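*Asks:* Sharing a structure, written as structure tokens. Questions coming.
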Amino acid sequence: MKLSSKYSLTFITIIFLFLSIVAGIYLYLKPPRIIKNNHLNLSLDDGPAELIIDSNGYYHIYAQSDHDMYKTMGYLQAANHLEKMDLFLRTANGRLSEAFGKKYLEADILARTIGFSRIADKFVDQIDPEVYQVLSAYCEGINAFIDNNYHYLHRKFKLHRYWPLRWKPADCLAVHRLLAWLLSDELVKKTVFYKLIEIYGPDKVQEGFPVFTNLPKQVTENYNTLLFPVLNKIVRQHMQMTNLLHISNEEIESSWALGPGYSTENIPALGKELPDFLNEYHDLFELHSQDIHLGGLVIPGIPFVLFGYNGTIAWNLTIRPADNLEFVILPQNHSDQIVSIRETINVRNEPDTSISIMESAMGPVIGSGNLAQTGPVRIAISWGGYRFSDDFKCYTQLCTASNWEEFKKAVSFHVVPAAEVDYIDRNANIGTAQYVSNPEFPAGSKFLPTLSRFYDKDFTGPVHHLFRYLN
């Protein structure tokens with residue numbers, strides 16, 4: 001039995017609508033364009049860059065200038081990792097709730113309190129002009145990818161209906177400071193150690209940590225009802241960050257892996273396995289411009305070869321916790337040096353949240369209370385990341401360093417996030433550089449008795465860069 005023309009038209013209309021919906025869904029959710037050899041929709045200042053992707057997936061960039069080389073790097077890293085890069089940037093700037101709602105409000109409050117973005121805004125004008133040019137070119141590349149591929153972005157942006165943030169040079173510094181914070185277990189370690197002292201007393205704790213010989217003989221002030229809630233809260237916020245970004249404190253002492261087979265020069269290299277969060281979150285580049293010829297591992301958001309070689313030497317940032325954090329009881333007369341900062345956090349589908357941050361010369365105030373002997377006190381975090389350091393200048397100078405002395409000169413700028421930078425050259429000479437430094441406390445303040453170099457019998461005083469040439 002034949003269908004009437006009326007039913008036939010209805011059937012065709014339904015089929016057409018169904019196919020239109022399917023096509024629309026496909027076009028909306030289709031994956032980003034795949035970058036192929038010499039196939040970049042990218043405008044460069046000094047002529048096209050040559051891109052070769054070898055059989056291992058490593059990128060070889062040949063550019064006419066340093067600016068074009070770093071711009072190309074930013075474009076490629078955005079092509080590979082934009083969703084994760086945006087997640088790191090939102091974490092650093094305290095803007096997770098803006099995209100994902102109030103479930104990440106705790107992490108946003110911690111990011112605003114520690115102030116990764118404020119640190120970056122403060123320091124960006126102090127960094128070396130050459131470094132600023134690198135960061136600018138890299139961010140141009142990231143933003144160019146966003147602009148050129150607006151309809152081809154990662155499915156997560158479309159499914160969750162938010163769009164990636166645009167990058168500026170200060171954002172690279174903010175992400176760098178965020179990693180410096182997350183790649184240290186000092187916050188958790190010192191909180192646990194402090195609680196052990198409060199609960200069991202210093203004598204019992206020293207039995208378990210005999211290397212620390214000068215712990216306080218007795219705990220004269222009972223903090224447990226005052227500080228435990230404060231410390232628990234900041235640790236909870238910190239753990240929300242580490243869980244979101246899949247950074248495990250148990251693995252942060254791992255190093256890098258760069259074997260001779262990765263180098264066209266076949267030079268020796270140092271290192272161990274990568275920590276888990278870097279296994280899928282890095283790129284291996286070989287970079288060539290008029291002045292630079294080097295290769296190695298680059299973490300998205302930080303446009304420098306952090307673990308690599310330049311044909312003469314190789315270097316390795318050992319990811320090891322730096323003892324650069326203390327909980328400080330501020331003196332009572334310190335109140336006039338505390339500044340109140342008001343910030344508003346945009347929360348998706350919820351009212352905005354307004355928070356007040358108390359910032360002292362030592363760092364942010366994380367809590368306050370009354371002690372029987374001293375009255376009102378404020379507890380602040382002193383962290384090495386609050387002091388200016390042009391770490392990125394270290395990375396730019398390592399690009400062209402050719403010996404131990406030039407390596408030391410470059411590393412002298414490096415403070416965070418790694419506590420150690422290792423060296424090796426063509427002749428298999430090896431060395432290491434470590435950074436250790438005391439925080440400077442204002443008169444009348446003191447730090448909580450926690451697991452710290454101040455209680456280590458072998459710690460004799462302030463040390464800055466300690467270089468050891470081992471051959």
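Ligands are numbered from 1 in the order shown, residues from 1 within each chain, and chains are lettered A, B, ... in the order they appear in the structure tokens.
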Pick out the residues sitting within 6 Å of range 104-109 of chain A, and hand them over as a PyMOL selection string; count only C-alpha atoms, and ignore anything fewer than 2 positions along from it in its own chain.
*Replies:* chain A and resi 94+97+102+111-113+237+241
*Asks:* Which residues are near Lys408 in chain A? Cut-off 12 Å, only C-alpha atoms, ignore same chain within fewer than 3 positions. Put them as a ChimeraX atom specification.
*Replies:* /A:315,394-395,397-398,401-405,411-414,421-423,431-435,465-469
*Asks:* Can those selected residues be exported to a file as an mmCIF file, in the first residue's frame so that it contains N, CA, C and O atoms?
*Replies:*
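File selection-v9.cif, as written:
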data_model
loop_
_atom_site.group_PDB
_atom_site.id
_atom_site.type_symbol
_atom_site.label_atom_id
_atom_site.label_comp_id
_atom_site.auth_asym_id
_atom_site.auth_seq_id
_atom_site.Cartn_x
_atom_site.Cartn_y
_atom_site.Cartn_z
ATOM 1 N N TRP A 315 70.390 20.100 31.416
ATOM 2 C CA TRP A 315 70.013 20.511 32.771
ATOM 3 C C TRP A 315 68.695 19.843 33.162
ATOM 4 O O TRP A 315 67.921 19.409 32.327
ATOM 5 N N CYS A 394 66.521 32.653 34.357
ATOM 6 C CA CYS A 394 67.370 31.462 34.446
ATOM 7 C C CYS A 394 67.156 30.577 33.226
ATOM 8 O O CYS A 394 68.111 30.135 32.588
ATOM 9 N N TYR A 395 65.891 30.335 32.865
ATOM 10 C CA TYR A 395 65.597 29.428 31.768
ATOM 11 C C TYR A 395 66.093 29.980 30.427
ATOM 12 O O TYR A 395 66.572 29.222 29.578
ATOM 13 N N GLN A 397 68.681 31.967 29.986
ATOM 14 C CA GLN A 397 70.143 31.904 29.939
ATOM 15 C C GLN A 397 70.652 30.476 29.803
ATOM 16 O O GLN A 397 71.724 30.251 29.240
ATOM 17 N N LEU A 398 69.890 29.502 30.300
ATOM 18 C CA LEU A 398 70.289 28.108 30.105
ATOM 19 C C LEU A 398 70.258 27.726 28.625
ATOM 20 O O LEU A 398 70.971 26.808 28.205
ATOM 21 N N ALA A 401 73.838 28.565 27.622
ATOM 22 C CA ALA A 401 74.959 28.256 28.515
ATOM 23 C C ALA A 401 75.772 27.097 27.935
ATOM 24 O O ALA A 401 75.213 26.146 27.391
ATOM 25 N N SER A 402 77.111 27.195 28.070
ATOM 26 C CA SER A 402 77.958 26.174 27.446
ATOM 27 C C SER A 402 78.919 25.501 28.426
ATOM 28 O O SER A 402 79.655 24.609 28.026
ATOM 29 N N ASN A 403 78.919 25.922 29.697
ATOM 30 C CA ASN A 403 79.835 25.323 30.664
ATOM 31 C C ASN A 403 79.295 25.541 32.080
ATOM 32 O O ASN A 403 78.257 26.170 32.279
ATOM 33 N N TRP A 404 80.035 25.025 33.053
ATOM 34 C CA TRP A 404 79.620 25.074 34.452
ATOM 35 C C TRP A 404 79.472 26.505 34.952
ATOM 36 O O TRP A 404 78.514 26.824 35.662
ATOM 37 N N GLU A 405 80.379 27.387 34.582
ATOM 38 C CA GLU A 405 80.312 28.764 35.065
ATOM 39 C C GLU A 405 79.088 29.483 34.508
ATOM 40 O O GLU A 405 78.417 30.228 35.231
ATOM 41 N N VAL A 411 71.597 29.854 36.875
ATOM 42 C CA VAL A 411 70.838 29.314 38.005
ATOM 43 C C VAL A 411 70.775 30.298 39.171
ATOM 44 O O VAL A 411 69.883 30.208 40.020
ATOM 45 N N SER A 412 71.682 31.260 39.220
ATOM 46 C CA SER A 412 71.653 32.232 40.311
ATOM 47 C C SER A 412 70.338 33.010 40.348
ATOM 48 O O SER A 412 69.981 33.559 41.395
ATOM 49 N N PHE A 413 69.586 33.028 39.248
ATOM 50 C CA PHE A 413 68.291 33.710 39.226
ATOM 51 C C PHE A 413 67.155 32.804 39.686
ATOM 52 O O PHE A 413 66.037 33.264 39.879
ATOM 53 N N HIS A 414 67.428 31.522 39.855
ATOM 54 C CA HIS A 414 66.364 30.540 40.069
ATOM 55 C C HIS A 414 66.113 30.317 41.560
ATOM 56 O O HIS A 414 67.030 30.047 42.324
ATOM 57 N N VAL A 421 68.771 22.180 40.774
ATOM 58 C CA VAL A 421 68.954 22.132 39.324
ATOM 59 C C VAL A 421 70.234 21.353 39.061
ATOM 60 O O VAL A 421 71.290 21.690 39.606
ATOM 61 N N ASP A 422 70.151 20.315 38.261
ATOM 62 C CA ASP A 422 71.307 19.458 38.002
ATOM 63 C C ASP A 422 71.916 19.786 36.640
ATOM 64 O O ASP A 422 71.252 20.297 35.742
ATOM 65 N N TYR A 423 73.199 19.419 36.495
ATOM 66 C CA TYR A 423 74.002 19.808 35.323
ATOM 67 C C TYR A 423 74.764 18.601 34.808
ATOM 68 O O TYR A 423 75.248 17.754 35.583
ATOM 69 N N GLY A 431 77.138 18.259 38.043
ATOM 70 C CA GLY A 431 77.100 19.165 39.181
ATOM 71 C C GLY A 431 75.662 19.401 39.586
ATOM 72 O O GLY A 431 74.720 18.967 38.906
ATOM 73 N N THR A 432 75.470 20.112 40.680
ATOM 74 C CA THR A 432 74.121 20.402 41.143
ATOM 75 C C THR A 432 74.088 21.765 41.820
ATOM 76 O O THR A 432 75.112 22.226 42.346
ATOM 77 N N ALA A 433 72.947 22.399 41.789
ATOM 78 C CA ALA A 433 72.751 23.698 42.433
ATOM 79 C C ALA A 433 71.508 23.613 43.294
ATOM 80 O O ALA A 433 70.438 23.208 42.814
ATOM 81 N N GLN A 434 71.639 23.977 44.556
ATOM 82 C CA GLN A 434 70.516 23.966 45.474
ATOM 83 C C GLN A 434 70.274 25.364 46.010
ATOM 84 O O GLN A 434 71.211 26.151 46.167
ATOM 85 N N TYR A 435 69.021 25.657 46.309
ATOM 86 C CA TYR A 435 68.683 26.954 46.878
ATOM 87 C C TYR A 435 68.033 26.738 48.238
ATOM 88 O O TYR A 435 67.054 26.007 48.360
ATOM 89 N N HIS A 465 72.339 30.161 47.052
ATOM 90 C CA HIS A 465 72.620 29.118 46.085
ATOM 91 C C HIS A 465 73.894 28.370 46.481
ATOM 92 O O HIS A 465 74.946 28.973 46.692
ATOM 93 N N LEU A 466 73.761 27.060 46.590
ATOM 94 C CA LEU A 466 74.878 26.197 46.945
ATOM 95 C C LEU A 466 75.214 25.351 45.714
ATOM 96 O O LEU A 466 74.417 24.512 45.284
ATOM 97 N N PHE A 467 76.394 25.612 45.132
ATOM 98 C CA PHE A 467 76.800 24.904 43.916
ATOM 99 C C PHE A 467 77.839 23.841 44.260
ATOM 100 O O PHE A 467 78.783 24.098 45.007
ATOM 101 N N ARG A 468 77.654 22.663 43.703
ATOM 102 C CA ARG A 468 78.613 21.585 43.919
ATOM 103 C C ARG A 468 78.970 20.960 42.571
ATOM 104 O O ARG A 468 78.128 20.405 41.891
ATOM 105 N N TYR A 469 80.233 21.100 42.209
ATOM 106 C CA TYR A 469 80.759 20.500 40.975
ATOM 107 C C TYR A 469 81.314 19.141 41.356
ATOM 108 O O TYR A 469 82.301 19.039 42.100
#
*Asks:* Leaving out Gly295 in chain A and any residue of its chain fewer than 4 positions from it, which residues lie within 9 Å of it when counting only C-alpha atoms, given as a PyMOL selection string?
*Replies:* chain A and resi 60+262-263+284-288+305+307-311
*Asks:* Pull N, CA, C and O atoms from the residues just selected and write them as a tab-separated table (two decimals), in the first residue's frame.
*Replies:*
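Once written, out00.tsv looks like this:
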chain	number	residue	atom	x	y	z
A	60	HIS	N	59.57	19.74	16.02
A	60	HIS	CA	60.79	20.41	15.62
A	60	HIS	C	60.37	21.71	14.91
A	60	HIS	O	59.72	21.66	13.86
A	262	TYR	N	66.66	10.99	22.42
A	262	TYR	CA	65.81	12.15	22.16
A	262	TYR	C	66.61	13.32	21.61
A	262	TYR	O	66.06	14.32	21.22
A	263	SER	N	67.93	13.22	21.63
A	263	SER	CA	68.78	14.34	21.27
A	263	SER	C	69.50	14.06	19.97
A	263	SER	O	70.11	13.00	19.80
A	284	LEU	N	57.58	17.59	23.98
A	284	LEU	CA	59.01	17.60	23.71
A	284	LEU	C	59.27	18.39	22.43
A	284	LEU	O	58.71	18.07	21.37
A	285	PHE	N	60.07	19.42	22.56
A	285	PHE	CA	60.35	20.32	21.45
A	285	PHE	C	61.84	20.29	21.11
A	285	PHE	O	62.69	20.13	21.99
A	286	GLU	N	62.12	20.47	19.84
A	286	GLU	CA	63.45	20.88	19.40
A	286	GLU	C	63.26	22.22	18.71
A	286	GLU	O	62.47	22.34	17.76
A	287	LEU	N	63.95	23.26	19.22
A	287	LEU	CA	63.69	24.63	18.81
A	287	LEU	C	64.90	25.21	18.09
A	287	LEU	O	66.04	25.08	18.58
A	288	HIS	N	64.64	25.85	16.97
A	288	HIS	CA	65.72	26.46	16.18
A	288	HIS	C	65.28	27.85	15.72
A	288	HIS	O	64.21	28.00	15.13
A	305	VAL	N	62.22	25.55	27.98
A	305	VAL	CA	62.67	24.17	28.13
A	305	VAL	C	63.18	24.01	29.55
A	305	VAL	O	64.25	24.49	29.89
A	307	PHE	N	63.59	21.03	31.22
A	307	PHE	CA	64.45	19.86	31.34
A	307	PHE	C	64.98	19.56	29.94
A	307	PHE	O	64.24	19.07	29.10
A	308	GLY	N	66.23	19.88	29.66
A	308	GLY	CA	66.66	19.68	28.29
A	308	GLY	C	68.13	19.85	28.05
A	308	GLY	O	68.95	19.71	28.96
A	309	TYR	N	68.47	20.18	26.81
A	309	TYR	CA	69.86	20.24	26.37
A	309	TYR	C	69.97	21.32	25.30
A	309	TYR	O	68.99	21.68	24.64
A	310	ASN	N	71.18	21.84	25.12
A	310	ASN	CA	71.40	22.82	24.05
A	310	ASN	C	72.54	22.43	23.13
A	310	ASN	O	73.09	23.27	22.43
A	311	GLY	N	72.91	21.15	23.15
A	311	GLY	CA	74.00	20.67	22.29
A	311	GLY	C	75.33	20.64	23.00
A	311	GLY	O	76.26	19.96	22.56
*Asks:* Please measure the separation of CA of Glu50 in chain A and CA of Met85 in chain A, giving the value in Å to one decimal.
*Replies:*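 About the pair CA of Glu50 in chain A and CA of Met85 in chain A: they are 24.5 Å apart.
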*Asks:* Please provide the set of residues having any atom within 9 Å of His282 in chain A, restricted to only C-alpha atoms, with same-chain residues fewer than 3 positions apart removed, written as a PyMOL selection string.
*Replies:* chain A and resi 77+81+278-279+297-300
*Asks:* Output N, CA, C and O atoms of each residue in that selection to a file, as a compact mmCIF listing (two decimals), in the first residue's frame.
*Replies:*
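This went into result.txt:
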# COMPACT_ATOMS: atom_id res chain seq x y z
N GLN A 77 51.06 24.30 21.75
CA GLN A 77 50.66 23.80 23.08
C GLN A 77 49.18 24.03 23.32
O GLN A 77 48.51 23.20 23.95
N HIS A 81 46.77 21.11 24.42
CA HIS A 81 46.46 21.08 25.85
C HIS A 81 45.56 22.22 26.32
O HIS A 81 45.52 22.51 27.52
N LEU A 278 52.56 14.98 34.87
CA LEU A 278 53.27 15.44 33.67
C LEU A 278 53.29 14.40 32.56
O LEU A 278 53.69 14.71 31.44
N ASN A 279 52.87 13.17 32.85
CA ASN A 279 52.96 12.13 31.83
C ASN A 279 52.20 12.51 30.56
O ASN A 279 52.65 12.25 29.44
N LEU A 297 61.89 19.20 27.35
CA LEU A 297 60.52 19.11 27.81
C LEU A 297 60.00 20.49 28.22
O LEU A 297 60.66 21.22 28.94
N VAL A 298 58.78 20.79 27.75
CA VAL A 298 58.13 22.07 28.05
C VAL A 298 56.78 21.78 28.68
O VAL A 298 55.98 21.01 28.14
N ILE A 299 56.51 22.39 29.84
CA ILE A 299 55.21 22.27 30.50
C ILE A 299 54.30 23.36 29.95
O ILE A 299 54.67 24.53 29.91
N PRO A 300 53.10 23.03 29.49
CA PRO A 300 52.20 24.06 28.96
C PRO A 300 51.96 25.18 29.98
O PRO A 300 51.76 24.95 31.16
*Asks:* Enter the distance from CA of Phe157 in chain A to CA of Thr91 in chain A, in Å, rounded to one decimal.
*Replies:*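 Separation of CA of Phe157 in chain A and CA of Thr91 in chain A: 15.9 Å.
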*Asks:* Distance CA of Arg166 in chain A-CA of Arg118 in chain A, one decimal place?
*Replies:*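 For CA of Arg166 in chain A relative to CA of Arg118 in chain A, the distance reads 17.4 Å.
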*Asks:* Taking a cut-off of 12 Å and counting only C-alpha atoms, can you build a table that, for each residue of range 152-184 of chain A near range 126-144 of chain A, reports the nearest atom pair and how far apart they are in Å (one decimal), sorted by chain then residue number, as a tab-separated table?
*Replies:*
residue	atom	partner	partner_atom	distance
A:Pro164	CA	A:Asn143	CA	9.5
A:Leu165	CA	A:Asn143	CA	8.9
A:Arg166	CA	A:Asn143	CA	5.9
A:Trp167	CA	A:Cys139	CA	5.4
A:Lys168	CA	A:Cys139	CA	5.7
A:Pro169	CA	A:Leu135	CA	5.0
A:Ala170	CA	A:Leu135	CA	8.3
A:Asp171	CA	A:Cys139	CA	8.9
A:Cys172	CA	A:Leu135	CA	7.2
A:Leu173	CA	A:Leu135	CA	9.1
*Asks:* Please dump the current selection as an mmCIF file, in the first residue's frame; keep N, CA and C atoms.
*Replies:*
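Contents of result-v1.cif, as written:
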data_model
loop_
_atom_site.group_PDB
_atom_site.id
_atom_site.type_symbol
_atom_site.label_atom_id
_atom_site.label_comp_id
_atom_site.auth_asym_id
_atom_site.auth_seq_id
_atom_site.Cartn_x
_atom_site.Cartn_y
_atom_site.Cartn_z
ATOM 1 N N PRO A 164 37.521 29.315 26.888
ATOM 2 C CA PRO A 164 38.845 29.467 27.498
ATOM 3 C C PRO A 164 39.197 30.929 27.736
ATOM 4 N N LEU A 165 39.945 31.154 28.796
ATOM 5 C CA LEU A 165 40.444 32.491 29.093
ATOM 6 C C LEU A 165 41.552 32.854 28.110
ATOM 7 N N ARG A 166 41.641 34.120 27.781
ATOM 8 C CA ARG A 166 42.760 34.595 26.969
ATOM 9 C C ARG A 166 43.970 34.796 27.882
ATOM 10 N N TRP A 167 45.158 34.618 27.323
ATOM 11 C CA TRP A 167 46.389 34.642 28.106
ATOM 12 C C TRP A 167 47.126 35.970 27.949
ATOM 13 N N LYS A 168 47.796 36.369 29.023
ATOM 14 C CA LYS A 168 48.696 37.524 29.028
ATOM 15 C C LYS A 168 49.957 37.119 29.776
ATOM 16 N N PRO A 169 51.074 37.854 29.627
ATOM 17 C CA PRO A 169 52.336 37.424 30.250
ATOM 18 C C PRO A 169 52.245 37.135 31.746
ATOM 19 N N ALA A 170 51.489 37.932 32.489
ATOM 20 C CA ALA A 170 51.381 37.692 33.927
ATOM 21 C C ALA A 170 50.770 36.327 34.237
ATOM 22 N N ASP A 171 49.952 35.786 33.315
ATOM 23 C CA ASP A 171 49.332 34.492 33.558
ATOM 24 C C ASP A 171 50.366 33.376 33.620
ATOM 25 N N CYS A 172 51.424 33.477 32.823
ATOM 26 C CA CYS A 172 52.494 32.470 32.871
ATOM 27 C C CYS A 172 53.171 32.491 34.242
ATOM 28 N N LEU A 173 53.369 33.684 34.795
ATOM 29 C CA LEU A 173 53.956 33.793 36.131
ATOM 30 C C LEU A 173 53.020 33.224 37.193
#
*Asks:* Skipping near chain neighbours, those fewer than 3 positions away, what residues fall within 12 Å of Tyr162 in chain A using only C-alpha atoms, listed as a PyMOL selection string?
*Replies:* chain A and resi 83+86-87+90+95-101+150+153-159+165+348
*Asks:* Which residue gives the smallest distance to His293 in chain A among A:Asp45, A:Asp390, A:Glu343, A:Asp66, with only C-alpha atoms counted?
*Replies:*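 For His293 in chain A, the nearest of the candidates is A:Asp66.
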*Asks:* When distances are computed from only C-alpha atoms, which of A:Pro202, A:Ser289, A:Phe327, A:Arg177 shows the smallest separation from Ala63 in chain A?
*Replies:*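 Smallest separation from Ala63 in chain A among the options: A:Ser289.
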*Asks:* Hey, which of A:Leu110, A:Ile430, A:Ile302, A:Leu451 ends up closest to Val188 in chain A? Count only C-alpha atoms.
*Replies:*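 Counting only C-alpha atoms, the residue closest to Val188 in chain A is A:Leu451.
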*Asks:* Using only C-alpha atoms, which of A:Phe193, A:Phe304, A:Phe88, A:Tyr200 sits nearest Met69 in chain A?
*Replies:*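 Answer, going by the shortest atom-to-atom distance: A:Phe304.
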*Asks:* Return as a ChimeraX atom specification the full set of residues in range 140-209 of chain A whose backbone-based DSSP assignment is helix (DSSP H, G or I).
*Replies:* /A:140-148,150-152,155-159,169-182,186-200,202-208
*Asks:* Which parts of range 75-315 of chain A does DSSP call strand (DSSP E or B) when run on the backbone here, written out as a ChimeraX atom specification?
*Replies:* /A:212,283-288,293-298,307-309,313-315
*Asks:* Using only C-alpha atoms for the distances, tell me which of A:Thr191, A:Thr242, A:Asn41, A:Ser65 is nearest to Asp147 in chain A.
*Replies:* A:Asn41
*Asks:* So that I can check the surroundings of Leu448 in chain A, please list as number ranges by chain every protein, DNA and RNA residue that reaches within 10 Å of it, counting only C-alpha atoms and ignoring chain neighbours fewer than 4 positions away.
*Replies:* A: 190-191, 194, 223, 326-329, 379, 452
